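Data first, discussion second: the structure below is written as structure tokens.
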Amino acid sequence: MLQRIVTRAEGLFGKRKREEEPTVLLDDVTKLPSKEQHKLDATRILHNRKGAKYAYVSCDVSGFKYINETYGYAYGNVVLRYIATVFASCLGKDELVSRTTGDHFCLLLHYQSEEGLKERIHDILNAAADYLMAEEGIQRRLLFNCGVYLIHKNEDINMIRARASAARKRNGKGFRDQIAFYNENDFVKELEVKELEADIRRAAEHGELKVFLQPKYEITTGHVIGAEALVRWEHPERGMLTPNKFVPTCEENGFICEIDFFVLEEVCRKMREWKEEGKKLVKVSTNFSRRHLEEVDFVDRLIRTVERYGLKPSDLEIELTESMAYEEMGTLLSVMRQIKEAGFGLSMDDFGSGYSSLSLLREMPVDVLKLDKGFLDGCHEGASANRDKRIVYHIISMAKDLNISVLAEGVETLQQMEFLKASHCDMIQGYYYAKPMPSKCFGDYLEAIA
């Protein structure tokens, strides 16, 4: 059945390519038009619509991470191709579908009434709801989260996409398909986000972004063996803001990439100063968003930045988060290998916070696992304390078998430190030893405790 549908889709896409767009750019997995091609086609259709009413639908698959983890990424791609095939078969003339990233699809649809549009979207989702893993005889039902924006005249496609996405994000978790239409509350939030975006760009230009360093300690000796670079925003009205106040917005609009390299530049500048002053040099880790996976020259840019300050890649550590592993596994592993081949240290932050930790460790060339703080918080007294302690102990043991060091972050008490020491954890980081401090103070701190 699946092969029959795929064959039908290939015929459908092939026909469109010959008749409409001989040089269509295609998504590698689904063979749908790529994200860039989708924007071009949508802009063209909306420009020539002659009074036709259009809606934009931003759609993702509920629990798709579970599918990848349970059946593997190869089968996850089969499911994506199945969805693409069904969605494409439901389209009419001058309607579009594209897979933009991961399990996220976008559709441009005609509509006459809002109620009729909602019914049609339900019909499309129902058509794609059932998928079959034939060899294992497993059948499951797919659920979708959708955000819908009713397009007005002369609107930019990027704004249209952003508003449909904003509506989609209002959906909670549930056991049925969820469809949310963009409304005034979304508009108010959009204005707040745009204001924050303008503020953060101004902050970068006016020196309001500050780099703090939090020491990392070898647990057996208590010696400082490194530091993590953290960004703070010294807001002129709201005071010092931590990353959770502004980084999510920067992740959404892509400005996080500039912030990440701003932090790297500041770290390199400070490390060069330490070298010139004859101060102790320790390895500093800097965080990088999954957004950088989309940049073809990401690793080259890392190398150029470090060398510009007279440093070596081995002087720094690149820190990625485990959640990155759910998006474009092949690309992630390729970038990680390039980072290692260039000579940088490589660590995975928040290890244990996702579904894929154990299976990915076989593939990822990491030097350090940063244990998710949630496990450590759960090691206090209570019904689950012993279980969390066993999990921490076995993660540390497993990492050592793979020649990977473990760093526990968020260590705040003597009890936590002693437990980690007894569990043979390698490094710790947290308020028990030191809070993050301005980078200009870190060199003096190292000298004071030497």
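In the structure tokens, each chain is lettered A, B, ... as it comes, each chain's residues begin at 1, and ligands are numbered from 1 in order of appearance.
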
- Give me the residues within 9 Å of region 183-195 of chain A as JSON, numbers by chain, counting only C-alpha atoms and dropping any in the same chain fewer than 3 places off. {"A": [149, 163, 166, 167, 170, 180, 198, 199, 200, 249]}

Please produce an output containing all heavy atoms for each residue in the selection, written as a PDB file, in the first residue's frame.
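Saved file again_24.pdb follows:
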ATOM      1  N   TYR A 149      -3.553  30.597   9.374  1.00  0.00           N
ATOM      2  CA  TYR A 149      -3.635  32.046   9.205  1.00  0.00           C
ATOM      3  C   TYR A 149      -4.392  32.353   7.915  1.00  0.00           C
ATOM      4  O   TYR A 149      -4.040  31.833   6.847  1.00  0.00           O
ATOM      5  CB  TYR A 149      -2.243  32.674   9.151  1.00  0.00           C
ATOM      6  CG  TYR A 149      -2.284  34.162   8.930  1.00  0.00           C
ATOM      7  CD1 TYR A 149      -2.840  35.008   9.894  1.00  0.00           C
ATOM      8  CD2 TYR A 149      -1.794  34.738   7.759  1.00  0.00           C
ATOM      9  CE1 TYR A 149      -2.902  36.381   9.699  1.00  0.00           C
ATOM     10  CE2 TYR A 149      -1.850  36.108   7.559  1.00  0.00           C
ATOM     11  CZ  TYR A 149      -2.407  36.920   8.531  1.00  0.00           C
ATOM     12  OH  TYR A 149      -2.481  38.280   8.332  1.00  0.00           O
ATOM     13  N   ARG A 163       2.882  33.858  11.436  1.00  0.00           N
ATOM     14  CA  ARG A 163       1.595  33.932  12.119  1.00  0.00           C
ATOM     15  C   ARG A 163       0.917  32.565  12.191  1.00  0.00           C
ATOM     16  O   ARG A 163       0.286  32.239  13.200  1.00  0.00           O
ATOM     17  CB  ARG A 163       0.708  34.973  11.440  1.00  0.00           C
ATOM     18  CG  ARG A 163       1.224  36.383  11.672  1.00  0.00           C
ATOM     19  CD  ARG A 163       0.336  37.459  11.123  1.00  0.00           C
ATOM     20  NE  ARG A 163       0.785  38.770  11.595  1.00  0.00           N
ATOM     21  CZ  ARG A 163       0.220  39.929  11.290  1.00  0.00           C
ATOM     22  NH1 ARG A 163      -0.839  39.941  10.490  1.00  0.00           N
ATOM     23  NH2 ARG A 163       0.685  41.059  11.765  1.00  0.00           N
ATOM     24  N   ALA A 166       2.737  30.811  14.938  1.00  0.00           N
ATOM     25  CA  ALA A 166       2.348  31.314  16.258  1.00  0.00           C
ATOM     26  C   ALA A 166       1.041  30.689  16.717  1.00  0.00           C
ATOM     27  O   ALA A 166       0.872  30.330  17.887  1.00  0.00           O
ATOM     28  CB  ALA A 166       2.222  32.835  16.221  1.00  0.00           C
ATOM     29  N   ALA A 167       0.090  30.537  15.792  1.00  0.00           N
ATOM     30  CA  ALA A 167      -1.181  29.898  16.137  1.00  0.00           C
ATOM     31  C   ALA A 167      -0.976  28.430  16.502  1.00  0.00           C
ATOM     32  O   ALA A 167      -1.563  27.916  17.463  1.00  0.00           O
ATOM     33  CB  ALA A 167      -2.154  30.024  14.963  1.00  0.00           C
ATOM     34  N   ARG A 170       0.072  27.549  20.082  1.00  0.00           N
ATOM     35  CA  ARG A 170      -0.903  27.660  21.164  1.00  0.00           C
ATOM     36  C   ARG A 170      -1.522  26.319  21.513  1.00  0.00           C
ATOM     37  O   ARG A 170      -2.124  26.150  22.573  1.00  0.00           O
ATOM     38  CB  ARG A 170      -2.031  28.631  20.768  1.00  0.00           C
ATOM     39  CG  ARG A 170      -1.695  30.084  21.038  1.00  0.00           C
ATOM     40  CD  ARG A 170      -2.945  30.944  20.989  1.00  0.00           C
ATOM     41  NE  ARG A 170      -3.438  31.149  19.652  1.00  0.00           N
ATOM     42  CZ  ARG A 170      -4.570  30.646  19.170  1.00  0.00           C
ATOM     43  NH1 ARG A 170      -5.315  29.856  19.916  1.00  0.00           N
ATOM     44  NH2 ARG A 170      -4.949  30.903  17.942  1.00  0.00           N
ATOM     45  N   ALA A 180      -5.699  25.445  15.413  1.00  0.00           N
ATOM     46  CA  ALA A 180      -5.893  26.762  16.027  1.00  0.00           C
ATOM     47  C   ALA A 180      -5.753  27.835  14.955  1.00  0.00           C
ATOM     48  O   ALA A 180      -4.801  27.818  14.165  1.00  0.00           O
ATOM     49  CB  ALA A 180      -4.867  26.995  17.138  1.00  0.00           C
ATOM     50  N   ALA A 198      13.616  43.998  18.488  1.00  0.00           N
ATOM     51  CA  ALA A 198      14.256  45.294  18.264  1.00  0.00           C
ATOM     52  C   ALA A 198      15.174  45.642  19.424  1.00  0.00           C
ATOM     53  O   ALA A 198      16.288  46.154  19.232  1.00  0.00           O
ATOM     54  CB  ALA A 198      13.189  46.378  18.074  1.00  0.00           C
ATOM     55  N   ASP A 199      14.719  45.352  20.647  1.00  0.00           N
ATOM     56  CA  ASP A 199      15.517  45.659  21.843  1.00  0.00           C
ATOM     57  C   ASP A 199      16.807  44.850  21.878  1.00  0.00           C
ATOM     58  O   ASP A 199      17.872  45.370  22.232  1.00  0.00           O
ATOM     59  CB  ASP A 199      14.704  45.372  23.110  1.00  0.00           C
ATOM     60  CG  ASP A 199      13.712  46.480  23.433  1.00  0.00           C
ATOM     61  OD1 ASP A 199      13.763  47.527  22.763  1.00  0.00           O
ATOM     62  OD2 ASP A 199      12.890  46.287  24.348  1.00  0.00           O
ATOM     63  N   ILE A 200      16.716  43.569  21.527  1.00  0.00           N
ATOM     64  CA  ILE A 200      17.897  42.714  21.626  1.00  0.00           C
ATOM     65  C   ILE A 200      18.932  43.093  20.573  1.00  0.00           C
ATOM     66  O   ILE A 200      20.147  43.058  20.824  1.00  0.00           O
ATOM     67  CB  ILE A 200      17.532  41.209  21.523  1.00  0.00           C
ATOM     68  CG1 ILE A 200      18.732  40.319  21.873  1.00  0.00           C
ATOM     69  CG2 ILE A 200      17.018  40.858  20.153  1.00  0.00           C
ATOM     70  CD1 ILE A 200      19.159  40.416  23.293  1.00  0.00           C
ATOM     71  N   THR A 249      13.134  33.703  22.090  1.00  0.00           N
ATOM     72  CA  THR A 249      12.757  34.578  20.977  1.00  0.00           C
ATOM     73  C   THR A 249      13.860  34.629  19.938  1.00  0.00           C
ATOM     74  O   THR A 249      13.593  34.600  18.725  1.00  0.00           O
ATOM     75  CB  THR A 249      12.453  36.000  21.490  1.00  0.00           C
ATOM     76  OG1 THR A 249      11.327  35.951  22.369  1.00  0.00           O
ATOM     77  CG2 THR A 249      12.144  36.953  20.336  1.00  0.00           C
TER      78      THR A 249
END

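Of the residues in region 246-294 of chain A, those given alpha helix (DSSP H) by DSSP on the backbone are Val247, Pro248, Thr249, Cys250, Glu251, Glu252, Asn253, Ile256, Cys257, Glu258, Ile259, Asp260, Phe261, Phe262, Val263, Leu264, Glu265, Glu266, Val267, Cys268, Arg269, Lys270, Met271, Arg272, Glu273, Trp274, Lys275 and Glu276 of chain A.
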
Which residues come within 6 Å of region 101-109 of chain A, counting only C-alpha atoms, excluding same-chain residues fewer than 6 positions away, as a JSON list (two decimals) with N, CA and C atoms, in the first residue's frame?
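Written out: around_29.json:
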[["chain", "number", "residue", "atom", "x", "y", "z"],
["A", 54, "TYR", "N", -7.15, 32.64, 0.38],
["A", 54, "TYR", "CA", -6.16, 31.62, 0.74],
["A", 54, "TYR", "C", -5.91, 31.61, 2.24],
["A", 55, "ALA", "N", -5.58, 30.43, 2.73],
["A", 55, "ALA", "CA", -5.16, 30.25, 4.12],
["A", 55, "ALA", "C", -3.83, 29.51, 4.14],
["A", 56, "TYR", "N", -3.04, 29.81, 5.15],
["A", 56, "TYR", "CA", -1.74, 29.15, 5.31],
["A", 56, "TYR", "C", -1.81, 28.27, 6.55],
["A", 57, "VAL", "N", -1.37, 27.02, 6.42],
["A", 57, "VAL", "CA", -1.46, 26.05, 7.51],
["A", 57, "VAL", "C", -0.06, 25.58, 7.89],
["A", 58, "SER", "N", 0.29, 25.78, 9.14],
["A", 58, "SER", "CA", 1.56, 25.29, 9.70],
["A", 58, "SER", "C", 1.24, 24.05, 10.52],
["A", 59, "CYS", "N", 1.87, 22.92, 10.19],
["A", 59, "CYS", "CA", 1.43, 21.64, 10.75],
["A", 59, "CYS", "C", 2.63, 20.78, 11.15],
["A", 60, "ASP", "N", 2.56, 20.18, 12.34],
["A", 60, "ASP", "CA", 3.58, 19.19, 12.70],
["A", 60, "ASP", "C", 2.91, 17.95, 13.29],
["A", 61, "VAL", "N", 3.70, 16.90, 13.43],
["A", 61, "VAL", "CA", 3.18, 15.60, 13.88],
["A", 61, "VAL", "C", 3.39, 15.46, 15.37],
["A", 95, "GLU", "N", -2.51, 25.17, -5.22],
["A", 95, "GLU", "CA", -2.35, 24.92, -3.79],
["A", 95, "GLU", "C", -0.98, 24.25, -3.60],
["A", 327, "GLU", "N", 16.59, 16.68, 15.49],
["A", 327, "GLU", "CA", 16.43, 17.36, 14.23],
["A", 327, "GLU", "C", 17.57, 16.98, 13.29]]

- Item | Pairwise distance for CA of Ile225 (chain A) and CA of Leu407 (chain A), rounded to one decimal in Å | 11.3 Å

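With only C-alpha atoms as the basis for measurement, A:Val29 is the residue among A:Leu264, A:Val29, A:Leu346, A:Leu117 that approaches Tyr75 (chain A) most closely.
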
- Item | Contacts of Ala84 (chain A) within 9 Å, only C-alpha atoms, excl. fewer than 4 positions in-chain, as a ChimeraX atom specification | /A:9,30-32,79-80,88-89,97-99,105,128

For those residues, write C-alpha atoms to a file as a PDB file, in the first residue's frame.
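The result, written out as part-v6.pdb:
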ATOM      1  CA  ALA A   9       3.238  10.763  -5.494  1.00  0.00           C
ATOM      2  CA  THR A  30      10.021  13.798   0.882  1.00  0.00           C
ATOM      3  CA  LYS A  31      10.797  15.123  -2.621  1.00  0.00           C
ATOM      4  CA  LEU A  32       8.295  17.894  -1.969  1.00  0.00           C
ATOM      5  CA  VAL A  79       6.425   8.168   7.684  1.00  0.00           C
ATOM      6  CA  LEU A  80       7.374  11.662   6.499  1.00  0.00           C
ATOM      7  CA  ALA A  88       0.038  16.267  -1.965  1.00  0.00           C
ATOM      8  CA  SER A  89      -2.799  14.048  -3.223  1.00  0.00           C
ATOM      9  CA  VAL A  97       2.539  21.696   0.414  1.00  0.00           C
ATOM     10  CA  SER A  98       6.133  21.625   1.626  1.00  0.00           C
ATOM     11  CA  ARG A  99       8.142  20.032   4.415  1.00  0.00           C
ATOM     12  CA  PHE A 105       4.771  20.752   6.959  1.00  0.00           C
ATOM     13  CA  ALA A 128      -2.887  10.937   6.533  1.00  0.00           C
TER      14      ALA A 128
END

- Message: Which residues are close to region 402-405 of chain A, i.e. within 10 Å by only C-alpha atoms, leaving aside same-chain residues fewer than 4 positions away? Reply as a list of chain:residue names.
- Response: A:Ser347, A:Leu361, A:Arg362, A:Pro365, A:Val366, A:Asp367, A:Val368, A:Leu369, A:Lys370, A:Ile396, A:Ser397, A:Met398, A:Cys425, A:Asp426, A:Met427

Any chance you can output those residues with C-alpha atoms as a PDB file, in the first residue's frame?
ATOM      1  CA  SER A 347      30.258  18.391  24.943  1.00  0.00           C
ATOM      2  CA  LEU A 361      25.941   7.935  22.233  1.00  0.00           C
ATOM      3  CA  ARG A 362      27.199   5.196  19.931  1.00  0.00           C
ATOM      4  CA  PRO A 365      32.008  11.842  19.060  1.00  0.00           C
ATOM      5  CA  VAL A 366      31.601  13.769  22.330  1.00  0.00           C
ATOM      6  CA  ASP A 367      34.253  14.312  24.995  1.00  0.00           C
ATOM      7  CA  VAL A 368      31.937  15.362  27.826  1.00  0.00           C
ATOM      8  CA  LEU A 369      28.362  14.634  28.875  1.00  0.00           C
ATOM      9  CA  LYS A 370      26.756  17.337  30.985  1.00  0.00           C
ATOM     10  CA  ILE A 396      28.395   7.829  34.751  1.00  0.00           C
ATOM     11  CA  SER A 397      29.477   4.175  34.520  1.00  0.00           C
ATOM     12  CA  MET A 398      28.297   3.886  30.918  1.00  0.00           C
ATOM     13  CA  CYS A 425      31.635  11.744  38.445  1.00  0.00           C
ATOM     14  CA  ASP A 426      34.561  13.608  36.845  1.00  0.00           C
ATOM     15  CA  MET A 427      33.583  17.284  37.051  1.00  0.00           C
TER      16      MET A 427
END

- Could you pull out all residues of region 285-316 of chain A with a DSSP call of strand (DSSP E or B) and give them as a PyMOL selection string? chain A and resi 285-287+316

If you keep all heavy atoms, can you produce a file of those selected residues as a tab-separated table (two decimals), in the first residue's frame?
chain	number	residue	atom	x	y	z
A	285	SER	N	34.00	26.55	27.46
A	285	SER	CA	32.98	26.01	26.56
A	285	SER	C	31.97	27.10	26.22
A	285	SER	O	31.61	27.92	27.06
A	285	SER	CB	32.27	24.82	27.20
A	285	SER	OG	31.54	25.22	28.34
A	286	THR	N	31.54	27.12	24.96
A	286	THR	CA	30.52	28.07	24.52
A	286	THR	C	29.37	27.30	23.88
A	286	THR	O	29.58	26.31	23.18
A	286	THR	CB	31.10	29.08	23.52
A	286	THR	OG1	31.59	28.38	22.37
A	286	THR	CG2	32.24	29.87	24.13
A	287	ASN	N	28.17	27.78	24.12
A	287	ASN	CA	26.97	27.09	23.63
A	287	ASN	C	26.61	27.54	22.22
A	287	ASN	O	26.70	28.72	21.89
A	287	ASN	CB	25.79	27.40	24.56
A	287	ASN	CG	26.00	26.85	25.95
A	287	ASN	OD1	25.71	25.70	26.23
A	287	ASN	ND2	26.52	27.70	26.84
A	316	LEU	N	39.29	25.58	23.24
A	316	LEU	CA	37.87	25.79	23.49
A	316	LEU	C	37.09	24.50	23.35
A	316	LEU	O	37.53	23.52	22.74
A	316	LEU	CB	37.30	26.84	22.53
A	316	LEU	CG	37.81	28.26	22.78
A	316	LEU	CD1	38.81	28.62	21.70
A	316	LEU	CD2	36.68	29.26	22.83

- Nearest to Thr242 (chain A), restricted to only C-alpha atoms and choosing among A:Gln415, A:Pro436, A:Val148, A:Glu115, comes out as A:Pro436

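Nearest residue to Lys65 (chain A), choosing from A:Arg168, A:Asn77, A:Glu418, A:Ser314 and counting only C-alpha atoms: A:Asn77.
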
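Comparing A:Leu302, A:Gly226, A:Glu258, A:Val411 by their smallest distance to Arg201 (chain A), the closest is A:Glu258 (using only C-alpha atoms).
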
- Query: Hey, what's within 9 Å of Leu142 (chain A) if we count only C-alpha atoms and toss same-chain stuff fewer than 2 positions away? As a list in words, please?
  - Reply: Val61, Ser62, Gly63, Phe64, Leu125, Asn126, Ala128, Ala129, Asp130, Tyr131, Arg140, Phe144 and Asp177 of chain A
